[in-house]
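Novice: So here's target.cif, just mmCIF, C-alpha atoms:
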```
data_work
loop_
_atom_site.label_atom_id
_atom_site.label_comp_id
_atom_site.auth_asym_id
_atom_site.auth_seq_id
_atom_site.Cartn_x
_atom_site.Cartn_y
_atom_site.Cartn_z
CA MET A 1 0.00 0.00 0.00
CA ARG A 2 2.79 2.44 0.88
CA LYS A 3 4.54 1.77 -2.43
CA LEU A 4 1.30 2.37 -4.31
CA LEU A 5 0.82 5.66 -2.48
CA ILE A 6 4.34 6.81 -3.30
CA ALA A 7 3.84 5.86 -6.96
CA ALA A 8 0.55 7.79 -7.11
CA LEU A 9 2.18 10.87 -5.60
CA ALA A 10 5.04 10.69 -8.08
CA LEU A 11 2.66 10.36 -11.00
CA GLY A 12 0.71 13.33 -9.71
CA THR A 13 3.83 15.50 -9.54
CA ALA A 14 4.83 14.52 -13.06
CA SER A 15 1.41 15.29 -14.55
CA ILE A 16 1.15 18.61 -12.73
CA ALA A 17 4.66 19.71 -13.65
CA GLN A 18 4.26 18.84 -17.33
CA ALA A 19 0.80 20.43 -17.60
CA HIS A 20 1.78 23.71 -15.97
CA GLU A 21 3.69 26.72 -17.21
CA VAL A 22 5.14 29.82 -15.65
CA TRP A 23 4.32 32.99 -17.55
CA ILE A 24 4.58 36.74 -17.04
CA GLU A 25 2.11 39.45 -17.92
CA ARG A 26 1.55 43.06 -16.96
CA GLY A 27 -1.21 43.83 -14.49
CA ALA A 28 -3.60 46.77 -14.72
CA ASN A 29 -1.18 48.77 -12.58
CA GLY A 30 1.70 48.09 -14.97
CA ALA A 31 3.55 45.76 -12.60
CA ALA A 32 4.88 42.43 -13.83
CA GLN A 33 2.86 39.44 -12.62
CA ILE A 34 4.50 36.00 -12.59
CA TRP A 35 1.90 33.23 -12.82
CA LEU A 36 1.99 29.45 -12.38
CA GLY A 37 -0.82 27.42 -13.87
CA GLU A 38 -2.44 26.33 -17.11
CA PRO A 39 -3.08 29.50 -19.15
CA GLU A 40 -5.53 27.73 -21.46
CA LEU A 41 -7.88 27.05 -18.51
CA PRO A 42 -9.86 29.49 -16.36
CA ILE A 43 -7.82 30.46 -13.32
CA PRO A 44 -9.54 29.86 -9.96
CA ALA A 45 -10.27 32.96 -7.91
CA GLY A 46 -7.45 32.21 -5.48
CA GLY A 47 -5.04 31.07 -8.18
CA ASP A 48 -4.01 27.65 -9.43
CA PRO A 49 -3.84 25.00 -6.66
CA ALA A 50 -0.14 24.52 -7.47
CA PHE A 51 0.65 28.24 -7.09
CA PRO A 52 2.14 27.83 -3.56
CA SER A 53 4.96 25.84 -5.22
CA LEU A 54 6.11 29.02 -6.99
CA LYS A 55 8.11 30.66 -4.23
CA ALA A 56 10.91 32.89 -5.51
CA PRO A 57 11.38 33.05 -9.30
CA LYS A 58 14.65 34.60 -10.40
CA LEU A 59 14.47 37.79 -12.44
CA LEU A 60 17.04 38.41 -15.18
CA GLY A 61 18.79 41.66 -15.78
CA GLY A 62 19.77 42.35 -12.20
CA ALA A 63 16.25 43.25 -11.09
CA THR A 64 16.03 43.20 -7.30
CA ALA A 65 12.54 44.63 -6.79
CA ALA A 66 10.47 43.13 -3.99
CA GLN A 67 8.21 40.22 -4.90
CA THR A 68 4.68 40.48 -3.50
CA ARG A 69 2.29 37.54 -3.54
CA GLY A 70 -1.14 38.15 -5.03
CA PRO A 71 -4.09 35.81 -5.70
CA GLY A 72 -2.35 33.35 -8.03
CA TYR A 73 0.64 35.44 -9.06
CA ILE A 74 3.80 37.09 -7.75
CA GLU A 75 3.88 40.81 -8.49
CA VAL A 76 7.04 42.81 -9.11
CA ALA A 77 7.18 46.56 -9.82
CA LEU A 78 9.42 46.83 -12.87
CA PRO A 79 9.84 49.51 -15.54
CA ALA A 80 8.24 49.10 -18.94
CA GLY A 81 9.90 46.73 -21.36
CA ASP A 82 10.59 43.04 -21.73
CA VAL A 83 10.80 41.01 -18.51
CA ARG A 84 12.40 37.58 -18.06
CA ALA A 85 12.38 35.15 -15.14
CA TRP A 86 13.21 31.52 -14.51
CA ASP A 87 12.76 28.95 -11.74
CA ASP A 88 14.30 25.50 -11.25
CA ASP A 89 12.78 24.81 -7.84
CA VAL A 90 9.01 24.79 -8.40
CA PHE A 91 8.31 21.05 -8.28
CA LYS A 92 10.34 18.33 -6.60
CA PRO A 93 11.84 15.59 -8.85
CA TRP A 94 9.62 12.65 -9.76
CA ASP A 95 10.09 9.17 -11.24
CA GLU A 96 9.81 8.93 -15.03
CA ASP A 97 10.75 5.86 -17.07
CA GLY A 98 12.70 4.51 -14.14
CA LYS A 99 14.74 7.70 -13.75
CA LYS A 100 14.50 10.87 -11.70
CA ALA A 101 13.04 13.78 -13.67
CA GLY A 102 12.68 17.49 -13.01
CA VAL A 103 11.60 20.72 -14.67
CA VAL A 104 12.98 24.22 -15.21
CA TYR A 105 10.62 27.02 -16.19
CA TYR A 106 11.58 30.07 -18.26
CA ALA A 107 9.22 32.98 -18.84
CA ARG A 108 9.33 36.18 -20.84
CA SER A 109 6.88 39.06 -21.18
CA GLY A 110 7.13 41.36 -24.20
CA ARG A 111 8.52 41.13 -27.71
CA GLY A 112 10.37 44.43 -27.91
CA GLU A 113 13.84 42.87 -27.90
CA ALA A 114 14.75 40.73 -30.90
CA LYS A 115 17.14 38.50 -28.97
CA ALA A 116 17.16 35.46 -26.70
CA VAL A 117 18.88 35.62 -23.31
CA MET A 118 17.65 32.57 -21.40
CA PRO A 119 18.81 28.97 -22.04
CA LEU A 120 15.45 28.22 -23.69
CA GLU A 121 13.53 31.15 -25.13
CA LEU A 122 11.01 32.14 -27.78
CA ALA A 123 12.25 35.49 -29.10
CA PRO A 124 10.87 37.62 -31.95
CA VAL A 125 12.96 37.69 -35.10
CA SER A 126 12.36 41.44 -35.28
CA ALA A 127 11.13 43.81 -32.58
CA ASN A 128 7.37 43.47 -32.08
CA GLY A 129 7.19 41.04 -34.99
CA ASP A 130 4.98 37.99 -35.53
CA ARG A 131 7.77 35.51 -36.29
CA PHE A 132 9.61 33.91 -33.38
CA THR A 133 12.70 31.72 -33.01
CA LEU A 134 12.94 28.99 -30.39
CA THR A 135 16.53 28.78 -29.19
CA ARG A 136 18.40 26.49 -26.81
CA ASP A 137 21.60 28.17 -25.62
CA GLY A 138 21.37 30.51 -28.59
CA LYS A 139 20.96 27.76 -31.19
CA PRO A 140 17.69 27.31 -33.12
CA VAL A 141 15.53 24.33 -32.14
CA ALA A 142 13.99 22.90 -35.30
CA GLU A 143 10.84 20.81 -35.76
CA THR A 144 9.54 21.41 -32.24
CA ASP A 145 5.96 21.90 -31.11
CA VAL A 146 4.91 25.41 -30.09
CA THR A 147 1.47 26.30 -28.76
CA LEU A 148 -0.24 29.67 -28.98
CA VAL A 149 -2.79 30.48 -26.26
CA SER A 150 -5.19 33.33 -27.01
CA PRO A 151 -6.90 35.78 -24.62
CA GLY A 152 -10.06 33.69 -25.08
CA ARG A 153 -8.06 30.55 -24.15
CA TRP A 154 -8.29 28.80 -27.49
CA MET A 155 -5.06 27.10 -28.52
CA LEU A 156 -3.29 26.82 -31.85
CA ALA A 157 -0.69 24.10 -32.45
CA LEU A 158 2.37 25.27 -34.40
CA LYS A 159 5.79 23.78 -35.16
CA THR A 160 9.17 25.41 -35.68
CA ASP A 161 10.71 25.07 -39.14
CA ALA A 162 14.25 23.99 -40.05
CA ASN A 163 15.53 27.35 -38.77
CA GLY A 164 13.74 27.04 -35.45
CA GLN A 165 11.23 29.69 -36.46
CA VAL A 166 7.47 29.83 -36.22
CA ALA A 167 5.19 32.42 -37.83
CA LEU A 168 2.00 33.54 -36.13
CA PRO A 169 -1.21 33.86 -38.11
CA ALA A 170 -3.30 37.01 -38.06
CA LEU A 171 -4.45 37.41 -34.46
CA PRO A 172 -8.21 38.00 -34.25
CA GLU A 173 -8.43 39.03 -30.60
CA LYS A 174 -7.07 41.96 -28.65
CA GLY A 175 -5.32 41.11 -25.42
CA ARG A 176 -2.61 38.87 -23.98
CA TYR A 177 -1.29 35.93 -26.01
CA ILE A 178 1.12 33.27 -24.77
CA LEU A 179 3.54 31.18 -26.81
CA LYS A 180 4.86 28.07 -25.07
CA ALA A 181 7.27 25.27 -25.90
CA SER A 182 9.13 22.48 -24.11
CA VAL A 183 12.19 20.32 -24.71
CA LYS A 184 13.22 17.13 -22.94
CA GLU A 185 16.87 16.41 -22.21
CA GLU A 186 18.61 13.40 -20.73
CA GLY A 187 21.91 13.53 -18.87
CA ASP A 188 23.25 14.43 -15.44
CA PHE A 189 21.56 17.55 -14.07
CA THR A 190 21.58 19.10 -10.62
CA LEU A 191 18.54 20.98 -9.34
CA PRO A 192 18.12 22.57 -5.90
CA ALA A 193 16.06 19.53 -4.86
CA GLY A 194 18.63 16.99 -6.11
CA LYS A 195 20.08 15.29 -9.17
CA VAL A 196 17.93 14.22 -12.11
CA ALA A 197 18.60 12.24 -15.28
CA ILE A 198 15.69 13.73 -17.26
CA LEU A 199 15.15 17.47 -17.44
CA HIS A 200 12.11 19.13 -18.96
CA ARG A 201 12.68 22.75 -19.96
CA THR A 202 9.53 24.80 -20.54
CA THR A 203 9.47 28.34 -21.86
CA THR A 204 6.76 30.94 -22.44
CA THR A 205 6.64 34.33 -24.11
CA SER A 206 3.60 36.52 -23.56
CA PHE A 207 2.73 39.67 -25.47
CA VAL A 208 -0.21 41.99 -25.96
CA ASN A 209 -1.90 42.29 -29.33
#
```
Will you turn the file into structure tokens for me?
Specialist:
Amino acid sequence: MRKLLIAALALGTASIAQAHEVWIERGANGAAQIWLGEPELPIPAGGDPAFPSLKAPKLLGGATAAQTRGPGYIEVALPAGDVRAWDDDVFKPWDEDGKKAGVVYYARSGRGEAKAVMPLELAPVSANGDRFTLTRDGKPVAETDVTLVSPGRWMLALKTDANGQVALPALPEKGRYILKASVKEEGDFTLPAGKVAILHRTTTTSFVN
């Protein structure tokens, strides 16, 4: 019975981690809001049930502004412009295919900078453009699934081309869109919660149309 319980808990962690994303958007007050959840689903009033697992995402660019917890998001007062954050300590490692697995989340808000900075990032080819490149350590990632989530929460499945690029169609709605993609790597990785042999990297880029 105890082994079955442990297996069920591990499976639950895996399914939650792989179904969730971290993304950033600007609130009505202009502050950056870092969310954890499933952006294609309605967000509960108090935030996604997994939100307590998002504790202290790391902001890029030397930002040291205070992080304030809101109902489902962490708010940070930052100047206008693109914002990037990442977190490798959201979910504890789980068992996957007989190995320990973990996840690292990367998130970006804005498409004003036509460059990638994070290890896995969806960056516009040109500032404020509708074509994006998925890069891993600066190198294009070809033939990889990318999903577009609209303000109305419909999803569009896309795939990067041989150059790691994906072109967005005409966007019918006004509001916040999210692009998301994931890659799976196998090797010897060290996370704050321990070593893993499988690492899922998930990245999002949000922008306002």
Novice: Neighbouring residues of Lys58 (chain A) were defined as those with any atom within 10 Å, considering only C-alpha atoms; residues of the same chain fewer than 2 positions away were excluded. Please report them as a ChimeraX atom specification.
Specialist: /A:55-56,60-64,84-88,106
Novice: Between CA of Ala50 (chain A) and CA of Val208 (chain A), what is the distance in Å, rounded to a tenth?
Specialist: 25.4 Å
Novice: Which one is closest to Arg111 (chain A): A:Gly70, A:Gly129, A:Pro169, A:Pro79? Count all atoms listed in the file.
Specialist: A:Gly129
Novice: Which residue, A:Ala167, A:Ala197, A:Met155, A:Val149, has the smallest gap to Thr133 (chain A) when you use all atoms listed in the file?
Specialist: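 Checking each of A:Ala167, A:Ala197, A:Met155, A:Val149 against Thr133 (chain A), counting all atoms listed in the file, the winner is A:Ala167.
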Novice: What is the distance, in Å and to one decimal place, between CA of Arg136 (chain A) and CA of Lys174 (chain A)?
Specialist: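 Answer for the CA of Arg136 (chain A) to CA of Lys174 (chain A) separation: 29.9 Å.
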Novice: Mind completing region 171-196 of chain A with N, CA, C and O atoms? Output as a CSV table (one decimal), keeping the file's coordinate frame, please?
Specialist:
```
chain,number,residue,atom,x,y,z
A,171,LEU,N,-3.9,37.6,-35.8
A,171,LEU,CA,-4.4,37.4,-34.5
A,171,LEU,C,-5.8,38.1,-34.4
A,171,LEU,O,-5.8,39.4,-34.5
A,172,PRO,N,-6.9,37.4,-34.2
A,172,PRO,CA,-8.2,38.0,-34.2
A,172,PRO,C,-8.6,38.7,-33.0
A,172,PRO,O,-9.5,39.6,-33.0
A,173,GLU,N,-8.0,38.4,-31.9
A,173,GLU,CA,-8.4,39.0,-30.6
A,173,GLU,C,-7.4,40.1,-30.1
A,173,GLU,O,-6.2,39.9,-30.3
A,174,LYS,N,-7.9,41.0,-29.4
A,174,LYS,CA,-7.1,42.0,-28.6
A,174,LYS,C,-6.8,41.4,-27.3
A,174,LYS,O,-7.7,40.7,-26.7
A,175,GLY,N,-5.6,41.6,-26.8
A,175,GLY,CA,-5.3,41.1,-25.4
A,175,GLY,C,-4.0,40.3,-25.4
A,175,GLY,O,-3.2,40.4,-26.3
A,176,ARG,N,-3.9,39.6,-24.3
A,176,ARG,CA,-2.6,38.9,-24.0
A,176,ARG,C,-2.6,37.5,-24.6
A,176,ARG,O,-3.4,36.7,-24.4
A,177,TYR,N,-1.6,37.2,-25.4
A,177,TYR,CA,-1.3,35.9,-26.0
A,177,TYR,C,-0.1,35.3,-25.3
A,177,TYR,O,0.8,36.0,-24.8
A,178,ILE,N,0.0,34.0,-25.3
A,178,ILE,CA,1.1,33.3,-24.8
A,178,ILE,C,1.6,32.2,-25.8
A,178,ILE,O,0.8,31.4,-26.3
A,179,LEU,N,2.9,32.2,-26.0
A,179,LEU,CA,3.5,31.2,-26.8
A,179,LEU,C,4.3,30.3,-25.8
A,179,LEU,O,4.9,30.8,-24.9
A,180,LYS,N,4.2,29.0,-26.0
A,180,LYS,CA,4.9,28.1,-25.1
A,180,LYS,C,5.5,26.9,-25.8
A,180,LYS,O,4.9,26.4,-26.8
A,181,ALA,N,6.6,26.4,-25.3
A,181,ALA,CA,7.3,25.3,-25.9
A,181,ALA,C,8.1,24.6,-24.8
A,181,ALA,O,8.4,25.2,-23.8
A,182,SER,N,8.4,23.3,-25.1
A,182,SER,CA,9.1,22.5,-24.1
A,182,SER,C,10.1,21.6,-24.8
A,182,SER,O,9.9,21.2,-26.0
A,183,VAL,N,11.2,21.3,-24.2
A,183,VAL,CA,12.2,20.3,-24.7
A,183,VAL,C,12.5,19.4,-23.6
A,183,VAL,O,12.5,19.8,-22.4
A,184,LYS,N,12.8,18.1,-23.9
A,184,LYS,CA,13.2,17.1,-22.9
A,184,LYS,C,14.7,16.7,-23.2
A,184,LYS,O,15.1,16.4,-24.3
A,185,GLU,N,15.5,16.7,-22.1
A,185,GLU,CA,16.9,16.4,-22.2
A,185,GLU,C,17.2,15.3,-21.2
A,185,GLU,O,16.6,15.2,-20.2
A,186,GLU,N,18.1,14.5,-21.6
A,186,GLU,CA,18.6,13.4,-20.7
A,186,GLU,C,20.1,13.6,-20.5
A,186,GLU,O,20.9,13.9,-21.4
A,187,GLY,N,20.5,13.4,-19.2
A,187,GLY,CA,21.9,13.5,-18.9
A,187,GLY,C,22.1,13.5,-17.4
A,187,GLY,O,21.3,12.8,-16.7
A,188,ASP,N,23.0,14.3,-16.9
A,188,ASP,CA,23.2,14.4,-15.4
A,188,ASP,C,23.0,15.9,-15.1
A,188,ASP,O,23.9,16.7,-15.3
A,189,PHE,N,21.9,16.2,-14.4
A,189,PHE,CA,21.6,17.6,-14.1
A,189,PHE,C,21.4,17.7,-12.6
A,189,PHE,O,20.9,16.7,-11.9
A,190,THR,N,21.7,18.8,-12.0
A,190,THR,CA,21.6,19.1,-10.6
A,190,THR,C,20.6,20.2,-10.4
A,190,THR,O,20.9,21.4,-10.9
A,191,LEU,N,19.5,20.0,-9.7
A,191,LEU,CA,18.5,21.0,-9.3
A,191,LEU,C,18.7,21.2,-7.8
A,191,LEU,O,19.3,20.4,-7.1
A,192,PRO,N,18.1,22.3,-7.3
A,192,PRO,CA,18.1,22.6,-5.9
A,192,PRO,C,17.6,21.4,-5.1
A,192,PRO,O,18.1,21.2,-4.0
A,193,ALA,N,16.6,20.6,-5.6
A,193,ALA,CA,16.1,19.5,-4.9
A,193,ALA,C,16.8,18.2,-5.1
A,193,ALA,O,16.4,17.2,-4.5
A,194,GLY,N,17.9,18.2,-5.9
A,194,GLY,CA,18.6,17.0,-6.1
A,194,GLY,C,19.0,16.8,-7.6
A,194,GLY,O,18.6,17.5,-8.5
A,195,LYS,N,19.7,15.6,-7.8
A,195,LYS,CA,20.1,15.3,-9.2
A,195,LYS,C,19.0,14.6,-9.9
A,195,LYS,O,18.2,13.9,-9.4
A,196,VAL,N,18.9,14.9,-11.2
A,196,VAL,CA,17.9,14.2,-12.1
A,196,VAL,C,18.6,13.8,-13.4
A,196,VAL,O,19.7,14.3,-13.8
```
